[in-house]
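Chemist: Next comes data.txt, compact mmCIF, C-alpha atoms and all ligand atoms:
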# COMPACT_ATOMS: atom_id res chain seq x y z
CA MET A 84 43.68 22.27 -51.37
CA THR A 85 40.17 21.46 -52.65
CA ASP A 86 38.31 24.82 -52.70
CA SER A 87 36.99 25.86 -56.14
CA VAL A 88 37.94 29.50 -55.47
CA PRO A 89 41.51 29.36 -54.18
CA THR A 90 42.22 30.95 -50.81
CA ARG A 91 44.22 34.13 -51.30
CA ILE A 92 47.26 34.33 -49.08
CA ALA A 93 49.31 37.47 -48.57
CA VAL A 94 52.95 36.97 -47.65
CA VAL A 95 54.07 40.13 -45.87
CA GLY A 96 57.84 40.43 -46.27
CA GLY A 97 57.41 38.18 -49.29
CA THR A 98 60.67 39.26 -50.97
CA GLY A 99 62.81 37.51 -48.33
CA PRO A 100 63.87 33.87 -48.51
CA GLN A 101 61.26 32.61 -46.04
CA GLY A 102 58.38 34.54 -47.61
CA ARG A 103 59.37 33.46 -51.11
CA GLY A 104 59.81 29.87 -49.97
CA LEU A 105 56.41 29.65 -48.31
CA GLY A 106 54.81 31.58 -51.19
CA TYR A 107 56.32 29.15 -53.70
CA ARG A 108 55.10 26.07 -51.84
CA LEU A 109 51.63 27.54 -51.30
CA ALA A 110 51.28 28.53 -54.95
CA ARG A 111 52.42 25.08 -56.01
CA ALA A 112 49.66 23.65 -53.80
CA GLY A 113 47.05 25.77 -55.63
CA TYR A 114 46.68 28.83 -53.37
CA ASP A 115 46.43 32.33 -54.84
CA VAL A 116 49.59 33.94 -53.45
CA VAL A 117 50.34 37.65 -53.29
CA LEU A 118 53.79 38.72 -52.10
CA GLY A 119 54.05 41.94 -50.15
CA SER A 120 56.98 44.31 -49.72
CA ARG A 121 57.68 47.82 -48.48
CA ASP A 122 58.35 48.43 -52.19
CA ALA A 123 55.60 47.14 -54.50
CA GLU A 124 58.00 46.97 -57.46
CA ARG A 125 60.35 44.69 -55.52
CA ALA A 126 57.43 42.38 -54.73
CA THR A 127 56.36 42.31 -58.39
CA VAL A 128 59.84 41.27 -59.51
CA ALA A 129 60.01 38.57 -56.81
CA ALA A 130 56.56 37.31 -57.80
CA GLU A 131 57.54 37.06 -61.48
CA GLU A 132 60.64 35.04 -60.62
CA LEU A 133 58.69 32.78 -58.31
CA SER A 134 55.92 32.20 -60.86
CA LEU A 135 58.54 30.84 -63.25
CA LEU A 136 59.86 28.50 -60.57
CA ALA A 137 56.30 27.38 -59.81
CA ASP A 138 55.52 26.58 -63.46
CA GLY A 139 53.33 29.65 -63.93
CA ALA A 140 51.30 29.23 -60.71
CA ARG A 141 49.43 32.37 -59.72
CA ILE A 142 51.78 34.62 -57.73
CA THR A 143 51.55 38.41 -57.80
CA GLY A 144 53.34 41.19 -55.94
CA THR A 145 52.34 44.50 -54.40
CA SER A 146 52.83 46.57 -51.25
CA ASN A 147 52.50 44.86 -47.86
CA LEU A 148 49.34 46.85 -47.15
CA ALA A 149 47.63 46.12 -50.47
CA ALA A 150 48.59 42.45 -50.17
CA ALA A 151 47.16 42.14 -46.67
CA ASP A 152 44.07 44.09 -47.64
CA SER A 153 43.28 41.78 -50.57
CA ALA A 154 43.92 38.45 -48.86
CA ASP A 155 41.90 35.93 -46.84
CA ILE A 156 44.91 34.88 -44.76
CA VAL A 157 47.97 37.03 -44.00
CA LEU A 158 51.35 35.43 -43.37
CA LEU A 159 53.99 37.51 -41.59
CA ALA A 160 57.50 36.66 -42.86
CA VAL A 161 59.50 39.67 -41.68
CA PRO A 162 62.43 40.08 -39.29
CA TYR A 163 61.55 40.81 -35.66
CA ASP A 164 63.22 44.23 -35.91
CA GLY A 165 60.49 46.57 -37.16
CA HIS A 166 57.81 43.89 -36.55
CA ALA A 167 55.62 45.94 -34.20
CA GLU A 168 55.58 48.96 -36.52
CA LEU A 169 54.77 46.81 -39.52
CA VAL A 170 51.94 44.92 -37.80
CA THR A 171 50.52 48.21 -36.55
CA SER A 172 50.45 49.53 -40.11
CA LEU A 173 48.42 46.47 -41.19
CA ALA A 174 45.92 46.53 -38.31
CA GLU A 175 42.94 47.66 -40.35
CA ALA A 176 43.73 45.43 -43.34
CA VAL A 177 43.83 42.26 -41.23
CA THR A 178 40.63 42.86 -39.28
CA GLY A 179 38.64 39.61 -39.03
CA LYS A 180 41.39 37.59 -40.78
CA ILE A 181 43.79 34.86 -39.78
CA VAL A 182 47.34 36.16 -39.36
CA VAL A 183 50.05 33.50 -39.42
CA SER A 184 53.39 34.35 -37.85
CA CYS A 185 56.65 32.50 -38.56
CA VAL A 186 58.69 35.36 -37.07
CA ASN A 187 61.61 34.21 -34.94
CA PRO A 188 63.11 36.93 -32.74
CA LEU A 189 66.72 35.76 -32.83
CA GLY A 190 70.00 37.39 -32.01
CA PHE A 191 73.50 36.43 -33.09
CA ASP A 192 76.75 37.05 -31.25
CA ARG A 193 80.22 35.49 -31.23
CA PHE A 194 78.76 32.36 -29.59
CA GLY A 195 76.16 31.89 -32.32
CA PRO A 196 72.36 32.28 -32.50
CA PHE A 197 70.13 32.80 -29.45
CA GLY A 198 66.47 33.59 -28.73
CA ARG A 199 65.86 37.23 -27.87
CA THR A 200 63.73 38.41 -24.96
CA VAL A 201 60.44 39.80 -26.26
CA PRO A 202 58.36 42.02 -23.96
CA ALA A 203 55.07 40.44 -25.12
CA GLY A 204 56.49 36.92 -24.63
CA SER A 205 56.83 36.12 -28.35
CA ALA A 206 56.51 37.83 -31.72
CA ALA A 207 53.19 36.02 -32.31
CA GLU A 208 51.78 37.32 -29.01
CA GLU A 209 53.08 40.79 -29.84
CA ALA A 210 51.17 40.66 -33.13
CA ALA A 211 48.04 39.41 -31.34
CA GLY A 212 48.31 42.28 -28.87
CA ILE A 213 48.53 44.83 -31.69
CA VAL A 214 45.78 43.40 -33.93
CA GLY A 215 43.15 42.20 -31.49
CA SER A 216 40.70 42.21 -34.38
CA ALA A 217 42.57 39.36 -36.11
CA THR A 218 43.26 35.77 -35.07
CA VAL A 219 47.00 35.17 -34.79
CA ILE A 220 48.39 31.67 -35.25
CA GLY A 221 52.07 30.68 -35.02
CA ALA A 222 53.47 28.22 -37.60
CA PHE A 223 56.35 27.53 -39.99
CA HIS A 224 59.05 28.66 -37.53
CA HIS A 225 61.30 25.68 -38.20
CA LEU A 226 61.13 25.15 -41.98
CA ALA A 227 64.36 26.25 -43.67
CA ALA A 228 63.89 28.70 -46.55
CA PRO A 229 66.47 27.07 -48.89
CA LEU A 230 64.54 23.79 -48.68
CA LEU A 231 61.20 25.51 -49.24
CA LEU A 232 62.64 27.11 -52.37
CA ASP A 233 64.19 23.90 -53.69
CA PRO A 234 61.66 22.29 -56.07
CA GLU A 235 63.32 18.90 -55.52
CA ALA A 236 63.32 19.03 -51.71
CA ASP A 237 60.93 16.58 -50.05
CA LEU A 238 59.61 18.19 -46.86
CA SER A 239 57.14 15.46 -45.95
CA HIS A 240 59.26 14.29 -43.00
CA GLU A 241 59.13 17.76 -41.37
CA ASP A 242 56.50 18.40 -38.70
CA VAL A 243 55.01 21.90 -38.64
CA LEU A 244 54.16 22.84 -35.08
CA VAL A 245 51.16 25.16 -34.98
CA CYS A 246 50.09 27.19 -31.95
CA GLY A 247 47.06 29.39 -31.35
CA ASP A 248 44.03 30.00 -29.18
CA ASP A 249 41.29 29.63 -31.82
CA ILE A 250 40.72 26.01 -32.83
CA THR A 251 39.00 26.73 -36.16
CA ALA A 252 41.77 29.09 -37.27
CA LYS A 253 44.42 26.68 -36.04
CA GLU A 254 42.92 23.83 -38.08
CA ARG A 255 42.87 26.05 -41.15
CA VAL A 256 46.57 26.83 -40.72
CA MET A 257 47.33 23.15 -40.06
CA ALA A 258 45.75 22.38 -43.42
CA LEU A 259 47.97 25.05 -45.03
CA ALA A 260 51.00 23.49 -43.36
CA THR A 261 50.13 20.07 -44.72
CA ASP A 262 49.84 21.59 -48.19
CA VAL A 263 53.25 23.27 -47.80
CA THR A 264 55.19 20.17 -46.72
CA GLY A 265 53.05 17.23 -47.81
CA GLY A 266 53.61 15.95 -44.26
CA ARG A 267 52.19 16.45 -40.79
CA ALA A 268 50.95 19.51 -38.96
CA VAL A 269 50.93 19.18 -35.19
CA ASP A 270 48.76 21.13 -32.77
CA ALA A 271 51.41 22.47 -30.41
CA GLY A 272 48.97 24.20 -28.03
CA ARG A 273 48.04 27.75 -27.13
CA LEU A 274 49.54 30.86 -28.73
CA ARG A 275 51.69 31.49 -25.66
CA LEU A 276 53.76 28.44 -26.63
CA ALA A 277 55.21 30.57 -29.42
CA ARG A 278 57.54 31.65 -26.58
CA GLN A 279 59.10 28.20 -26.85
CA LEU A 280 58.69 27.59 -30.61
CA GLU A 281 60.29 30.83 -31.83
CA PRO A 282 63.64 30.62 -29.98
CA LEU A 283 63.89 26.87 -30.65
CA THR A 284 65.00 27.91 -34.13
CA ALA A 285 68.25 29.13 -32.57
CA VAL A 286 68.94 25.51 -31.60
CA LEU A 287 68.30 24.31 -35.16
CA LEU A 288 70.62 26.98 -36.56
CA SER A 289 73.30 25.94 -34.10
CA VAL A 290 72.86 22.29 -35.15
CA ASN A 291 73.04 23.34 -38.80
CA LYS A 292 76.36 25.04 -38.23
CA ARG A 293 77.82 22.21 -36.19
CA TYR A 294 76.75 19.43 -38.57
CA LYS A 295 76.71 21.41 -41.84
CA THR A 296 73.09 20.47 -42.55
CA ARG A 297 69.58 21.93 -42.68
CA SER A 298 67.88 20.48 -39.65
CA GLY A 299 64.13 20.46 -39.02
CA LEU A 300 61.69 19.11 -36.47
CA ALA A 301 59.86 15.79 -36.20
CA VAL A 302 57.92 14.83 -33.08
CA THR A 303 57.88 11.17 -32.02
CA GLY A 304 54.91 9.28 -30.58
CA LEU A 305 52.28 10.61 -32.99
CA ALA A 306 50.10 8.91 -35.59
CA PRO A 307 51.46 9.21 -39.17
CA ALA A 308 48.84 11.74 -40.34
CA ILE A 309 47.62 14.53 -38.12
CA GLY A 310 45.58 17.38 -39.53
CA LYS A 311 43.02 18.17 -36.85
CA VAL A 312 43.12 19.53 -33.35
CA PRO A 313 42.41 16.51 -31.09
CA ALA A 314 38.97 16.64 -29.39
N1 LIG B 401 65.08 32.24 -43.52
C1 LIG B 401 64.64 31.11 -42.94
O1 LIG B 401 65.12 29.99 -43.25
C2 LIG B 401 63.56 31.18 -41.90
C3 LIG B 401 63.02 29.99 -41.39
C4 LIG B 401 61.97 30.06 -40.45
C5 LIG B 401 61.51 31.30 -40.02
N2 LIG B 401 62.08 32.44 -40.50
C6 LIG B 401 61.58 33.72 -40.02
O2 LIG B 401 60.87 34.32 -41.08
C7 LIG B 401 61.06 35.73 -41.06
C8 LIG B 401 61.61 36.16 -42.42
O3 LIG B 401 62.84 35.52 -42.63
P1 LIG B 401 63.77 35.92 -43.86
O4 LIG B 401 65.01 35.15 -43.73
O5 LIG B 401 63.00 35.86 -45.12
O6 LIG B 401 64.07 37.45 -43.47
P2 LIG B 401 64.66 38.70 -44.26
O7 LIG B 401 65.16 38.29 -45.60
O8 LIG B 401 65.62 39.37 -43.35
O9 LIG B 401 63.39 39.65 -44.39
C9 LIG B 401 62.27 39.33 -45.16
C10 LIG B 401 61.73 40.59 -45.81
O10 LIG B 401 61.23 41.46 -44.80
C11 LIG B 401 61.32 42.82 -45.27
N3 LIG B 401 61.88 43.64 -44.18
C12 LIG B 401 63.16 43.69 -43.77
N4 LIG B 401 63.31 44.57 -42.76
C13 LIG B 401 62.06 45.07 -42.52
C14 LIG B 401 61.53 46.03 -41.60
N5 LIG B 401 62.33 46.64 -40.70
N6 LIG B 401 60.22 46.31 -41.67
C15 LIG B 401 59.41 45.72 -42.59
N7 LIG B 401 59.86 44.80 -43.48
C16 LIG B 401 61.16 44.49 -43.44
C17 LIG B 401 62.19 42.80 -46.50
O11 LIG B 401 61.35 42.99 -47.62
P3 LIG B 401 61.21 44.40 -48.37
O12 LIG B 401 62.52 45.11 -48.24
O13 LIG B 401 60.92 43.99 -49.77
O14 LIG B 401 60.07 45.10 -47.69
C18 LIG B 401 62.77 41.40 -46.55
O15 LIG B 401 62.95 40.90 -47.87
C19 LIG B 401 62.01 36.03 -39.90
O16 LIG B 401 61.31 36.44 -38.76
C20 LIG B 401 62.70 34.69 -39.66
O17 LIG B 401 63.08 34.52 -38.30
C21 LIG B 401 63.07 32.42 -41.44
Kindly present the structure from the file in structure tokens form.

Modeler:
Amino acid sequence: MTDSVPTRIAVVGGTGPQGRGLGYRLARAGYDVVLGSRDAERATVAAEELSLLADGARITGTSNLAAADSADIVLLAVPYDGHAELVTSLAEAVTGKIVVSCVNPLGFDRFGPFGRTVPAGSAAEEAAGIVGSATVIGAFHHLAAPLLLDPEADLSHEDVLVCGDDITAKERVMALATDVTGGRAVDAGRLRLARQLEPLTAVLLSVNKRYKTRSGLAVTGLAPAIGKVPA
């Protein structure tokens, strides 16, 4: 990140493993990170712990609403259950902002993980339908939280697939993704492709269980460095 005033990123649901993992990596890359929670105190405690891990990088904690209200970019890192209510509660705070969704609507039964049917098509489209005043971009669905939180883990071989309908916003999120992993961000297409990206995580979880690993995604046939939406 090269801006003199760091971009402020709110991580809604920032006390969970995925929110903390992305918050940690973003803070390490120089962003001003604010973790959100339904309980501001819980977010403050999580932020203090994460700041230590990130060698004192700027991470604070507050309520989800205050975090979203204060940020330039709002990252949704909450479970799909309760997602619509939460996004509705943030509608005013995210007006005119980029909202990044890594929400995977997954179910689990005795056969393992599976992608749930979402009336709007995907969680990202559901968010876009609720907050028409914001630009919703899907990203970070396939990065495993334990790796994000591991200071020693090299994520540069992971591709972050980014989907959205606004090219400028998508490029901004692709730049964030590159800062998170040190690797490639790939323009995966329109926001509706979140319908494919979100449940794909069920496949990765199934692979993880079968092979006792933390699998990720890498797309073949691309140039080594991709950070822009192709013309
Ligand atoms: N974990 C991963 O490796 C991973 C990888 C890729 C994508 N994702 C996606 O990222 C999202 C977050 O994953 P996670 O594992 O961090 O989830 P999580 O631990 O289950 O939840 C994250 C945070 O969301 C808040 N939350 C829980 N229920 C809520 C509700 N009903 N309404 C509002 N907030 C609620 C909680 O924070 P407070 O109680 O503090 O409010 C919780 O700490 C999920 O959609 C998941 O599919 C996860």

Chemist: Would you please work out which residue, of A:Leu300, A:Ile156, A:Val116, A:Val161, is nearest to Val219 (chain A) when using all atoms listed in the file?

Modeler: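 Ranking A:Leu300, A:Ile156, A:Val116, A:Val161 by distance to Val219 (chain A), first place goes to A:Ile156.
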
Chemist: Can you tell me which residues come within 6 Å of ligand LIG 401 (chain B) when counting all atoms listed in the file, ideally as a list in words?

Modeler: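 Listed by chain and ascending number, the contacts are Gly96, Thr98, Gly99, Pro100, Gln101, Gly102, Ser120, Arg121, Asp122, Arg125, Ala160, Val161, Pro162, Tyr163, Asp164, Gly165, Leu169, Cys185, Val186, Asn187, His224, His225, Leu226, Ala227 and Ala228 of chain A.
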
Chemist: Find the residue from A:Glu175, A:Glu132, A:Glu168, A:Glu124 that sits nearest to Leu148 (chain A); use all atoms listed in the file when measuring.

Modeler: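 With all atoms listed in the file as the atom set, the closest residue is A:Glu175.
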
Chemist: If we count all atoms listed in the file, what is near region 252-263 of chain A at a cut-off of 6 Å, once residues fewer than 3 positions away on the same chain are taken out, given as a PyMOL selection string?

Modeler: chain A and resi 108-109+112+249+266-268+311

Chemist: Determine the nearest neighbour of Val117 (chain A) from the options A:Thr145, A:Thr296, A:Ser134, A:Thr251, counting all atoms listed in the file.

Modeler: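 Nearest candidate to Val117 (chain A) out of A:Thr145, A:Thr296, A:Ser134, A:Thr251: A:Thr145.
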
Chemist: To one decimal place, how far is CA of Gly215 (chain A) from CA of Val157 (chain A) in Å?

Modeler: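 That distance, rounded to one decimal, is 14.4 Å.
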
Chemist: Using all atoms listed in the file, which of the listed residues (A:Leu231, A:Ala93, A:Ala306, A:Val214) sits closest to Ala126 (chain A)?

Modeler: A:Ala93

Chemist: Please determine, counting only C-alpha atoms, which residue among A:Ala167, A:Leu288, A:Ala206, A:Val183 has the shortest atom-to-atom distance to Gly221 (chain A).

Modeler: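 Going through A:Ala167, A:Leu288, A:Ala206, A:Val183 one by one, the smallest distance to Gly221 (chain A) is for A:Val183.
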
Chemist: Let me make sure I understand: among A:Thr143, A:Gly198, A:Leu158, A:Ala222, which one has the smallest atom-to-atom distance to Val286 (chain A) if we use only C-alpha atoms?

Modeler: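 Ranked by minimum distance to Val286 (chain A), first place goes to A:Gly198.
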
Chemist: Which neighbours of Val177 (chain A) fall inside 7 Å, counting only C-alpha atoms, when residues of the same chain fewer than 6 positions from it are skipped, and could you give them as a PyMOL selection string?

Modeler: chain A and resi 151-152+217

Chemist: Build an axis-aligned box that encloses every atom of region 128-136 of chain A listed in the file, pad it by 3 Å on each side, and report its centre and edge lengths in Å to one decimal, as JSON.

Modeler:
{"center_x": 58.3, "center_y": 34.9, "center_z": -60.0, "size_x": 10.7, "size_y": 18.8, "size_z": 12.4}

Chemist: How many Å separate CA of Ala130 (chain A) from CA of Ser184 (chain A)?

Modeler: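 Taking CA of Ala130 (chain A) as the start and CA of Ser184 (chain A) as the end point, the length is 20.4 Å.
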
Chemist: For CA of Glu208 (chain A) and CA of Ser239 (chain A), determine how far apart the two atoms are, in Å to one decimal place.

Modeler: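 Taking CA of Glu208 (chain A) as the start and CA of Ser239 (chain A) as the end point, the length is 28.2 Å.
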